[in-house]
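To keep things clear, I will list the structure first and then write my remarks on it.
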Amino acid sequence: TPSSVRPGVRLAVDVGTVRVGIARSDPAGVLAVPVETTPRDQAHDRLRELVVEYSPLEVIVGRPVGLSGRQTASTRDAESFAQQLANDLACPVRLVDERLSTVEASAATRRAGHTAKSERAIIDQAAAVIILQHSLDSETRGGVVAGQIVEKTEGGQ
């Protein structure tokens, strides 16, 4: 039941090497919507600003793993990004499996008539929306909070 969902806005992040897609949920924690795509080198500062603006319950970072479940360079990059956020932000950071979000987002934007080349920023936002919506749906359907909390490390990274 929807009453099993923790109320509060969530932010979600699709970490790329060049760009970071950002999405947020509504205050009820039901629907994910795109926020923006920001250059990777500005993402931490921008997320700090968005945390102040939205006071989210948590920030969800997509954790890409290979379809086999193996860790990749992208997995380690997302984990490092999430660790930096956890050390930096005033709200919890959670890593959530996002094996197919970018593939799903690319297919959805193509169906909407966009080409991957011309709409990479939209794909990054769409991937963040997919990561967040899957997390919200998991909590709504089964009362299960997706992913795992990233613990702060002493003295930062």
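If you're wondering about the labels, chains in the structure tokens are A, B, ... by order shown, residues count from 1 in each chain, ligands from 1 in order shown.
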
So that I can see what lies close to A:Gln84, please list as a PyMOL selection string the residues with an atom at most 12 Å from it, counting only C-alpha atoms and leaving out residues fewer than 6 positions away in the same chain. chain A and resi 43-45+47-48+61+77-78+90+92-94+150-157

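Rounded to one decimal, atom CA of A:Ile22 and atom CA of A:Thr37 lie 6.0 Å from each other.
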
Stretch 126-139 of chain A environment, 6 Å, only C-alpha atoms, sequence neighbours closer than 6 positions dropped, as a list in words: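 Surrounding residues, per the criterion: Val5, Ala12, Val13, Asp14, Gly21, Ile22, Ala23, Ala32, Val33, Pro34, Ser101, Thr102, Ala105, Val145 and Ala146 of chain A.
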
What is the distance, in Å and to one decimal place, between atom CA of A:Gln83 and atom CA of A:Val59?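 Pair atom CA of A:Gln83 / atom CA of A:Val59 returns 11.5 Å.
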
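Between atom CA of A:Asp88 and atom CA of A:Asp41 there is a distance of 15.1 Å.
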
List every residue of stretch 4-157 of chain A that DSSP, applied to the backbone of this structure, places in strand (DSSP E or B), and write the result as a short mmCIF file (atom, residue, chain, number, x, y, z; two decimals) with C-alpha atoms, in the first residue's frame.
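Result went into out-v5.cif, see below:
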```cif
data_model
loop_
_atom_site.label_atom_id
_atom_site.label_comp_id
_atom_site.auth_asym_id
_atom_site.auth_seq_id
_atom_site.Cartn_x
_atom_site.Cartn_y
_atom_site.Cartn_z
CA ARG A 10 14.20 11.81 -2.75
CA LEU A 11 16.90 12.86 -5.18
CA ALA A 12 18.43 10.33 -7.56
CA VAL A 13 21.65 10.46 -9.52
CA ASP A 14 22.80 8.65 -12.66
CA VAL A 15 26.60 8.99 -12.55
CA ARG A 19 27.53 14.22 -17.12
CA VAL A 20 25.34 13.40 -14.12
CA GLY A 21 21.58 13.05 -14.51
CA ILE A 22 19.47 14.14 -11.56
CA ALA A 23 15.84 13.34 -10.75
CA ARG A 24 13.60 13.95 -7.74
CA SER A 25 10.42 12.51 -6.37
CA ALA A 32 9.96 10.48 -10.08
CA VAL A 33 10.52 13.49 -12.35
CA PRO A 34 13.64 14.79 -14.13
CA VAL A 35 15.49 17.74 -12.61
CA GLU A 36 18.55 18.38 -14.76
CA THR A 37 21.76 17.09 -16.23
CA THR A 38 24.89 18.71 -14.89
CA PRO A 39 28.56 18.39 -15.88
CA GLU A 58 17.87 10.67 0.92
CA VAL A 59 19.96 10.83 -2.23
CA ILE A 60 19.91 7.65 -4.31
CA VAL A 61 22.92 6.92 -6.50
CA GLY A 62 22.60 4.36 -9.27
CA ARG A 63 25.16 1.56 -8.93
CA VAL A 93 23.04 8.48 0.55
CA ARG A 94 21.89 5.11 -0.76
CA LEU A 95 23.37 2.98 -3.56
CA VAL A 96 20.79 1.17 -5.71
CA ASP A 97 21.38 -1.42 -8.45
CA GLN A 148 22.05 0.16 0.82
CA ILE A 149 23.07 3.18 2.88
#
```
